[in-house]
file protein-v8.cif (mmCIF, C-alpha atoms and all ligand atoms)
data_upload
#
loop_
_atom_site.label_atom_id
_atom_site.label_comp_id
_atom_site.auth_asym_id
_atom_site.auth_seq_id
_atom_site.Cartn_x
_atom_site.Cartn_y
_atom_site.Cartn_z
CA MET K 1 -25.02 -26.59 -45.48
CA ILE K 2 -21.29 -25.94 -45.32
CA ILE K 3 -20.53 -22.22 -45.07
CA VAL K 4 -17.25 -21.60 -46.92
CA LYS K 5 -15.39 -18.61 -45.47
CA THR K 6 -13.92 -15.67 -47.36
CA GLU K 7 -10.32 -14.65 -46.74
CA GLN K 8 -11.63 -11.69 -44.75
CA GLU K 9 -13.70 -13.97 -42.53
CA ILE K 10 -10.75 -16.29 -42.02
CA ASP K 11 -8.68 -13.29 -40.96
CA ALA K 12 -11.37 -12.42 -38.40
CA MET K 13 -11.18 -15.99 -37.05
CA ARG K 14 -7.42 -15.76 -36.40
CA GLU K 15 -7.85 -13.84 -33.16
CA PRO K 16 -10.38 -16.09 -31.37
CA CYS K 17 -8.32 -19.08 -32.50
CA ALA K 18 -5.08 -17.55 -31.18
CA ILE K 19 -6.85 -16.88 -27.88
CA VAL K 20 -7.90 -20.53 -27.73
CA ARG K 21 -4.31 -21.60 -28.41
CA ASP K 22 -2.91 -19.30 -25.73
CA THR K 23 -5.59 -20.21 -23.18
CA LEU K 24 -4.88 -23.90 -23.65
CA ALA K 25 -1.17 -23.27 -23.09
CA TYR K 26 -1.91 -21.16 -20.01
CA VAL K 27 -4.29 -23.72 -18.51
CA GLY K 28 -1.76 -26.46 -19.29
CA SER K 29 0.87 -24.54 -17.33
CA LEU K 30 -1.44 -24.59 -14.29
CA VAL K 31 -2.11 -28.34 -14.39
CA ARG K 32 -0.40 -30.02 -11.45
CA PRO K 33 -1.31 -32.28 -8.53
CA GLY K 34 -3.54 -30.41 -6.05
CA VAL K 35 -5.26 -28.05 -8.47
CA THR K 36 -9.03 -28.33 -8.92
CA THR K 37 -10.75 -28.30 -12.29
CA GLN K 38 -12.77 -25.32 -11.06
CA GLU K 39 -9.54 -23.36 -10.54
CA LEU K 40 -8.58 -24.18 -14.14
CA ASP K 41 -11.99 -23.00 -15.32
CA GLU K 42 -11.72 -19.70 -13.43
CA ALA K 43 -8.21 -19.10 -14.77
CA ALA K 44 -9.34 -19.83 -18.32
CA GLU K 45 -12.39 -17.60 -18.10
CA GLY K 46 -10.34 -14.71 -16.70
CA TYR K 47 -7.71 -15.11 -19.38
CA ILE K 48 -10.21 -15.35 -22.26
CA ARG K 49 -12.02 -12.23 -21.04
CA SER K 50 -8.71 -10.38 -20.55
CA ARG K 51 -8.13 -10.84 -24.27
CA GLY K 52 -11.50 -9.26 -25.03
CA ALA K 53 -13.17 -12.54 -25.96
CA ILE K 54 -16.11 -14.47 -24.56
CA PRO K 55 -15.88 -18.12 -23.43
CA SER K 56 -18.34 -19.64 -25.91
CA CYS K 57 -19.08 -22.74 -23.84
CA LEU K 58 -20.49 -20.78 -20.87
CA GLY K 59 -24.26 -21.01 -21.19
CA TYR K 60 -24.12 -23.01 -24.42
CA CYS K 61 -27.19 -25.28 -24.22
CA GLY K 62 -27.10 -24.52 -20.49
CA TYR K 63 -23.49 -25.63 -20.01
CA PRO K 64 -22.40 -24.15 -16.66
CA ALA K 65 -18.68 -23.43 -17.19
CA SER K 66 -16.17 -21.82 -19.55
CA ILE K 67 -14.15 -24.97 -20.28
CA CYS K 68 -14.68 -28.70 -20.32
CA ALA K 69 -12.25 -30.55 -18.02
CA SER K 70 -12.49 -34.31 -18.45
CA VAL K 71 -10.37 -36.47 -16.14
CA ASN K 72 -9.15 -40.02 -16.87
CA GLU K 73 -12.19 -42.09 -17.97
CA GLU K 74 -14.13 -38.90 -18.74
CA VAL K 75 -14.06 -38.48 -22.52
CA VAL K 76 -15.57 -35.05 -23.11
CA HIS K 77 -17.79 -32.38 -21.50
CA GLY K 78 -16.53 -32.92 -17.95
CA ILE K 79 -17.90 -30.05 -15.84
CA PRO K 80 -15.26 -28.24 -13.77
CA GLY K 81 -15.77 -28.53 -10.03
CA PRO K 82 -14.09 -29.26 -6.69
CA ARG K 83 -12.33 -32.38 -7.97
CA ILE K 84 -8.65 -32.22 -7.11
CA LEU K 85 -6.25 -33.43 -9.79
CA ARG K 86 -3.86 -36.08 -8.54
CA GLU K 87 -0.48 -37.29 -9.71
CA GLY K 88 -1.02 -39.82 -12.49
CA ASP K 89 -4.30 -38.34 -13.76
CA ILE K 90 -4.80 -37.02 -17.27
CA VAL K 91 -7.13 -34.08 -17.92
CA SER K 92 -8.60 -33.08 -21.28
CA ILE K 93 -9.23 -29.35 -21.55
CA ASP K 94 -11.61 -28.27 -24.33
CA LEU K 95 -12.50 -24.62 -24.79
CA CYS K 96 -13.88 -22.10 -27.24
CA ALA K 97 -13.48 -18.33 -27.51
CA TYR K 98 -15.75 -15.89 -29.36
CA LYS K 99 -14.41 -12.65 -30.80
CA ASN K 100 -14.81 -10.63 -34.03
CA GLY K 101 -18.12 -12.44 -34.56
CA PHE K 102 -16.44 -15.86 -34.79
CA HIS K 103 -15.60 -18.82 -32.59
CA GLY K 104 -12.33 -20.69 -32.20
CA ASP K 105 -12.21 -24.16 -30.64
CA GLY K 106 -9.42 -26.40 -29.40
CA ALA K 107 -8.58 -29.16 -26.94
CA ARG K 108 -5.49 -30.72 -25.39
CA THR K 109 -4.99 -33.54 -22.90
CA PHE K 110 -2.45 -32.85 -20.16
CA ALA K 111 -0.62 -35.18 -17.80
CA VAL K 112 -0.84 -34.43 -14.08
CA GLY K 113 2.67 -35.09 -12.82
CA SER K 114 4.01 -38.40 -14.08
CA ILE K 115 1.59 -40.81 -15.72
CA ASP K 116 1.78 -44.51 -16.52
CA ALA K 117 2.95 -45.92 -19.85
CA GLU K 118 -0.57 -46.60 -21.14
CA LYS K 119 -1.64 -42.99 -20.60
CA GLN K 120 1.59 -41.72 -22.15
CA LYS K 121 0.91 -43.78 -25.25
CA LEU K 122 -2.72 -42.65 -25.31
CA LEU K 123 -1.74 -38.96 -25.26
CA ARG K 124 0.85 -39.48 -27.97
CA VAL K 125 -1.40 -41.54 -30.23
CA THR K 126 -4.34 -39.13 -29.84
CA GLU K 127 -2.22 -36.21 -31.00
CA GLU K 128 -0.80 -38.34 -33.81
CA CYS K 129 -4.38 -39.21 -34.82
CA PHE K 130 -5.10 -35.53 -35.42
CA PHE K 131 -2.05 -35.14 -37.65
CA LYS K 132 -2.72 -38.41 -39.52
CA GLY K 133 -6.30 -37.23 -40.01
CA VAL K 134 -5.27 -33.98 -41.67
CA GLU K 135 -2.07 -35.17 -43.37
CA ASN K 136 -3.61 -35.39 -46.85
CA LEU K 137 -6.36 -32.84 -46.31
CA ARG K 138 -6.67 -30.19 -49.02
CA ALA K 139 -9.36 -28.78 -51.32
CA GLY K 140 -11.12 -31.73 -52.97
CA THR K 141 -10.45 -34.27 -50.19
CA PRO K 142 -13.50 -36.42 -49.37
CA LEU K 143 -14.71 -35.55 -45.86
CA TYR K 144 -14.55 -39.06 -44.42
CA ASP K 145 -10.89 -39.49 -45.37
CA ILE K 146 -10.18 -37.56 -42.15
CA GLY K 147 -11.99 -40.01 -39.89
CA ALA K 148 -10.72 -43.02 -41.81
CA ALA K 149 -7.11 -41.97 -41.10
CA VAL K 150 -7.86 -41.17 -37.45
CA GLN K 151 -9.59 -44.51 -36.93
CA LYS K 152 -6.84 -46.46 -38.65
CA HIS K 153 -4.11 -44.98 -36.49
CA ALA K 154 -6.10 -45.40 -33.26
CA GLU K 155 -7.03 -49.00 -33.96
CA GLU K 156 -3.54 -49.94 -35.17
CA ASN K 157 -2.37 -48.87 -31.73
CA GLY K 158 -4.99 -50.97 -29.94
CA PHE K 159 -7.23 -48.02 -29.08
CA SER K 160 -10.76 -47.16 -30.15
CA VAL K 161 -12.72 -44.19 -31.42
CA VAL K 162 -15.90 -42.66 -30.00
CA ARG K 163 -18.87 -42.68 -32.34
CA GLU K 164 -21.23 -40.41 -30.39
CA TYR K 165 -19.06 -37.27 -30.50
CA VAL K 166 -17.56 -35.78 -33.65
CA GLY K 167 -15.72 -32.76 -35.00
CA HIS K 168 -17.56 -30.02 -36.86
CA GLY K 169 -17.48 -26.93 -38.98
CA ILE K 170 -17.10 -23.64 -37.14
CA GLY K 171 -17.64 -19.94 -37.83
CA HIS K 172 -20.31 -17.56 -36.60
CA GLU K 173 -21.66 -20.66 -34.82
CA MET K 174 -19.57 -22.96 -32.63
CA HIS K 175 -21.03 -25.98 -34.41
CA GLU K 176 -21.64 -25.69 -38.15
CA ASP K 177 -21.84 -28.26 -40.91
CA PRO K 178 -20.27 -30.62 -41.67
CA SER K 179 -20.00 -33.17 -38.86
CA VAL K 180 -16.45 -34.55 -38.89
CA PRO K 181 -16.46 -38.08 -37.48
CA ASN K 182 -13.28 -39.74 -36.26
CA TYR K 183 -14.20 -42.90 -38.15
CA GLY K 184 -15.38 -43.65 -41.65
CA LYS K 185 -14.61 -45.03 -45.07
CA ARG K 186 -11.87 -43.52 -47.17
CA GLY K 187 -13.03 -41.94 -50.43
CA THR K 188 -16.52 -41.12 -49.17
CA GLY K 189 -18.27 -37.95 -48.11
CA VAL K 190 -18.54 -34.50 -49.59
CA ARG K 191 -15.40 -33.11 -51.26
CA LEU K 192 -14.23 -30.28 -49.05
CA ARG K 193 -13.80 -26.89 -50.66
CA ALA K 194 -11.02 -24.37 -50.04
CA GLY K 195 -12.09 -21.93 -47.32
CA THR K 196 -13.95 -24.54 -45.27
CA VAL K 197 -13.10 -24.14 -41.57
CA LEU K 198 -13.21 -27.32 -39.52
CA CYS K 199 -12.58 -28.53 -35.99
CA VAL K 200 -10.87 -31.91 -36.22
CA GLU K 201 -10.93 -33.48 -32.78
CA PRO K 202 -9.96 -37.08 -32.21
CA MET K 203 -11.39 -38.48 -28.97
CA ILE K 204 -9.50 -41.72 -28.44
CA LEU K 205 -10.22 -44.42 -25.87
CA ALA K 206 -7.69 -46.82 -24.37
CA GLY K 207 -10.37 -49.53 -24.09
CA ASP K 208 -13.50 -50.23 -26.10
CA ARG K 209 -15.53 -47.56 -27.84
CA HIS K 210 -18.60 -47.46 -25.61
CA VAL K 211 -19.44 -44.38 -23.57
CA ARG K 212 -22.30 -43.22 -21.37
CA VAL K 213 -23.36 -39.82 -20.03
CA LEU K 214 -23.38 -39.22 -16.27
CA ALA K 215 -26.42 -37.97 -14.34
CA ASP K 216 -25.17 -34.36 -14.73
CA GLY K 217 -26.38 -34.63 -18.33
CA TRP K 218 -22.99 -33.67 -19.78
CA THR K 219 -20.00 -35.75 -18.72
CA ALA K 220 -19.32 -38.60 -21.15
CA VAL K 221 -17.33 -41.45 -19.60
CA THR K 222 -16.03 -44.72 -20.94
CA GLN K 223 -18.17 -47.68 -19.92
CA ASP K 224 -15.08 -49.77 -19.17
CA LYS K 225 -13.61 -46.91 -17.07
CA ARG K 226 -10.37 -46.96 -19.03
CA PRO K 227 -8.86 -43.56 -19.90
CA ALA K 228 -9.65 -41.32 -22.85
CA ALA K 229 -7.82 -38.42 -24.52
CA HIS K 230 -8.84 -35.52 -26.76
CA TYR K 231 -6.86 -33.31 -29.15
CA GLU K 232 -8.49 -30.64 -31.27
CA ASN K 233 -7.57 -27.78 -33.58
CA THR K 234 -9.51 -25.34 -35.73
CA LEU K 235 -8.15 -25.35 -39.30
CA VAL K 236 -8.77 -23.96 -42.78
CA VAL K 237 -8.87 -26.19 -45.85
CA ARG K 238 -6.61 -24.65 -48.50
CA GLU K 239 -5.94 -25.52 -52.15
CA GLY K 240 -2.69 -27.28 -51.35
CA GLY K 241 -3.14 -28.36 -47.73
CA ILE K 242 -4.38 -26.88 -44.48
CA GLU K 243 -3.72 -23.92 -42.23
CA ILE K 244 -4.11 -24.64 -38.52
CA LEU K 245 -5.42 -21.59 -36.65
CA THR K 246 -5.03 -22.86 -33.07
CA LEU K 247 -1.34 -23.82 -33.12
N1 LIG B 1 -15.75 -27.32 -27.44
C1 LIG B 1 -16.62 -28.43 -27.67
C2 LIG B 1 -16.47 -28.91 -29.08
O1 LIG B 1 -15.42 -29.24 -29.44
C3 LIG B 1 -18.01 -28.11 -27.33
C4 LIG B 1 -18.20 -28.05 -25.91
S1 LIG B 1 -19.85 -28.27 -25.56
C5 LIG B 1 -20.13 -27.12 -24.37
O2 LIG B 1 -17.38 -28.99 -29.86
F1 LIG B 1 -21.35 -27.18 -24.05
F2 LIG B 1 -19.34 -27.35 -23.41
F3 LIG B 1 -19.86 -25.95 -24.86
CO CO B 2 -15.00 -28.81 -31.20
#

call {"tool": "encode", "arguments": {"input": "protein-v8.cif", "output": "structure tokens"}}
result
Amino acid sequence: MIIVKTEQEIDAMREPCAIVRDTLAYVGSLVRPGVTTQELDEAAEGYIRSRGAIPSCLGYCGYPASICASVNEEVVHGIPGPRILREGDIVSIDLCAYKNGFHGDGARTFAVGSIDAEKQKLLRVTEECFFKGVENLRAGTPLYDIGAAVQKHAEENGFSVVREYVGHGIGHEMHEDPSVPNYGKRGTGVRLRAGTVLCVEPMILAGDRHVRVLADGWTAVTQDKRPAAHYENTLVVREGGIEILTL
């Protein structure tokens, strides 16, 4: 069941979403060759708590960290640890903050130093996929129009879209209805109502669409070991368009 938010509830969501936005920018400023993903996690946790929020991921279904840090062929849910980022890597940072009784959620993929042309294109296209996905989104839009636009842009650029991981509604819970796939058929799915709050999060793969989960039970990697990128915002569906809360 999709829980449509009141204007008052949306106002309460602004702060956790702003904290997500600012934490992503802060973590991004720390990304450089030589830093470990654990250092990024500690910095993010400290920053989120300094703003009076709670890192929602920590302890979620037993997840052991405050952020997900997924490097190169890791698609999502990479667990921070002693891995040292090296020049030429890309790292996807996904994090949530809980405050005022609500969650905010966002993700960005950062370059570590200078990266090759394929990774540059992947980062650009992944971000473009988000904006293509929400370009025509407004009250009344069929849900799967989002994924159809994301998939079209990814595939036109020679990339592919993960099927196993999707966007979602968000509110009092980090994951609410509906699921928001990054693929689908235009004109299908429930018509979204004004006040629906969604996380739209393209996860785009340079190679083919197949992924597997590592023995840690969390980290999803591409089977062909080619790189992946992730870009996510929390947004409100409005009568005439959208309002992005994490930008
Ligand atoms: N932030 C992720 C999302 O976009 C969820 C992370 S799963 C967790 O849905 F276990 F790490 F929290
Ligand atoms: Co999300």

call {"tool": "residues_around", "arguments": {"input": "protein-v8.cif", "residues": "K:Val35", "least_positions_apart": "2", "cutoff": "10 Å", "atoms": "all atoms listed in the file", "output": "NGL selection string"}}
result
:K and (30-33 or 37-40 or 82-86 or 112)

call {"tool": "residues_near_ligand", "arguments": {"input": "protein-v8.cif", "ligand": "ligand CO 2 (chain B)", "cutoff": "9 Å", "atoms": "all atoms listed in the file", "output": "PyMOL selection string"}}
result
chain K and resi 94-96+104-107+166-170+174-175+198-201+232-234

call {"tool": "closest_residue", "arguments": {"input": "protein-v8.cif", "among": "K:Pro16, K:Gly240, K:Gly207, K:Pro55", "to": "ligand LIG 1 (chain B)", "atoms": "only C-alpha atoms and all ligand atoms"}}
result
K:Pro55

call {"tool": "closest_residue", "arguments": {"input": "protein-v8.cif", "among": "K:Asn157, K:Ser56, K:Ser92, K:Asn136", "to": "ligand LIG 1 (chain B)", "atoms": "only C-alpha atoms and all ligand atoms"}}
result
K:Ser56

call {"tool": "atom_distance", "arguments": {"input": "protein-v8.cif", "atom1": "atom CA of K:Leu143", "atom2": "atom CA of K:Tyr98"}}
result
25.7 Å

call {"tool": "closest_residue", "arguments": {"input": "protein-v8.cif", "among": "K:Val236, K:Met1, K:Ala12, K:Leu137", "to": "K:Phe102", "atoms": "only C-alpha atoms"}}
result
K:Ala12

call {"tool": "closest_residue", "arguments": {"input": "protein-v8.cif", "among": "K:Phe110, K:Phe130, K:Trp218, K:Tyr26", "to": "K:Gly78", "atoms": "only C-alpha atoms"}}
result
K:Trp218

call {"tool": "atom_distance", "arguments": {"input": "protein-v8.cif", "atom1": "atom CA of K:Arg49", "atom2": "atom CA of K:Asp11"}}
result
20.2 Å

call {"tool": "residues_around", "arguments": {"input": "protein-v8.cif", "residues": "K:Val211", "least_positions_apart": "4", "cutoff": "10 Å", "atoms": "only C-alpha atoms", "output": "number ranges by chain"}}
result
K: 73-75, 162-165, 205, 219-225

call {"tool": "write_last_selection", "arguments": {"input": "protein-v8.cif", "atoms": "C-alpha atoms", "output": "PDB file, in the coordinates of the input"}}
result
ATOM      1  CA  GLU K  73     -12.190 -42.090 -17.970  1.00  0.00           C
ATOM      2  CA  GLU K  74     -14.130 -38.900 -18.740  1.00  0.00           C
ATOM      3  CA  VAL K  75     -14.060 -38.480 -22.520  1.00  0.00           C
ATOM      4  CA  VAL K 162     -15.900 -42.660 -30.000  1.00  0.00           C
ATOM      5  CA  ARG K 163     -18.870 -42.680 -32.340  1.00  0.00           C
ATOM      6  CA  GLU K 164     -21.230 -40.410 -30.390  1.00  0.00           C
ATOM      7  CA  TYR K 165     -19.060 -37.270 -30.500  1.00  0.00           C
ATOM      8  CA  LEU K 205     -10.220 -44.420 -25.870  1.00  0.00           C
ATOM      9  CA  THR K 219     -20.000 -35.750 -18.720  1.00  0.00           C
ATOM     10  CA  ALA K 220     -19.320 -38.600 -21.150  1.00  0.00           C
ATOM     11  CA  VAL K 221     -17.330 -41.450 -19.600  1.00  0.00           C
ATOM     12  CA  THR K 222     -16.030 -44.720 -20.940  1.00  0.00           C
ATOM     13  CA  GLN K 223     -18.170 -47.680 -19.920  1.00  0.00           C
ATOM     14  CA  ASP K 224     -15.080 -49.770 -19.170  1.00  0.00           C
ATOM     15  CA  LYS K 225     -13.610 -46.910 -17.070  1.00  0.00           C
TER      16      LYS K 225
END

call {"tool": "closest_residue", "arguments": {"input": "protein-v8.cif", "among": "K:Ala228, K:Ala97, K:Val213, K:Ala43", "to": "ligand LIG 1 (chain B)", "atoms": "only C-alpha atoms and all ligand atoms"}}
result
K:Ala97

call {"tool": "residues_around", "arguments": {"input": "protein-v8.cif", "residues": "K:Pro202", "least_positions_apart": "4", "cutoff": "7 Å", "atoms": "only C-alpha atoms", "output": "JSON, numbers by chain"}}
result
{"K": [126, 129, 130, 150, 182, 230, 231, 232]}

call {"tool": "write_last_selection", "arguments": {"input": "protein-v8.cif", "atoms": "C-alpha atoms", "output": "mmCIF file, in the coordinates of the input"}}
result
data_model
loop_
_atom_site.group_PDB
_atom_site.id
_atom_site.type_symbol
_atom_site.label_atom_id
_atom_site.label_comp_id
_atom_site.auth_asym_id
_atom_site.auth_seq_id
_atom_site.Cartn_x
_atom_site.Cartn_y
_atom_site.Cartn_z
ATOM 1 C CA THR K 126 -4.340 -39.130 -29.840
ATOM 2 C CA CYS K 129 -4.380 -39.210 -34.820
ATOM 3 C CA PHE K 130 -5.100 -35.530 -35.420
ATOM 4 C CA VAL K 150 -7.860 -41.170 -37.450
ATOM 5 C CA ASN K 182 -13.280 -39.740 -36.260
ATOM 6 C CA HIS K 230 -8.840 -35.520 -26.760
ATOM 7 C CA TYR K 231 -6.860 -33.310 -29.150
ATOM 8 C CA GLU K 232 -8.490 -30.640 -31.270
#

call {"tool": "residues_around", "arguments": {"input": "protein-v8.cif", "residues": "K:Gly140", "least_positions_apart": "3", "cutoff": "12 Å", "atoms": "only C-alpha atoms", "output": "list in words"}}
result
Asn136, Leu137, Leu143, Tyr144, Asp145, Gly187, Thr188, Gly189, Val190, Arg191, Leu192, Arg193, Ala194, Gly195, Thr196, Val237, Arg238, Glu239, Gly240, Gly241 and Ile242 of chain K

call {"tool": "closest_residue", "arguments": {"input": "protein-v8.cif", "among": "K:Glu155, K:Val27, K:Gly59, K:Asp22", "to": "ligand LIG 1 (chain B)", "atoms": "all atoms listed in the file"}}
result
K:Gly59
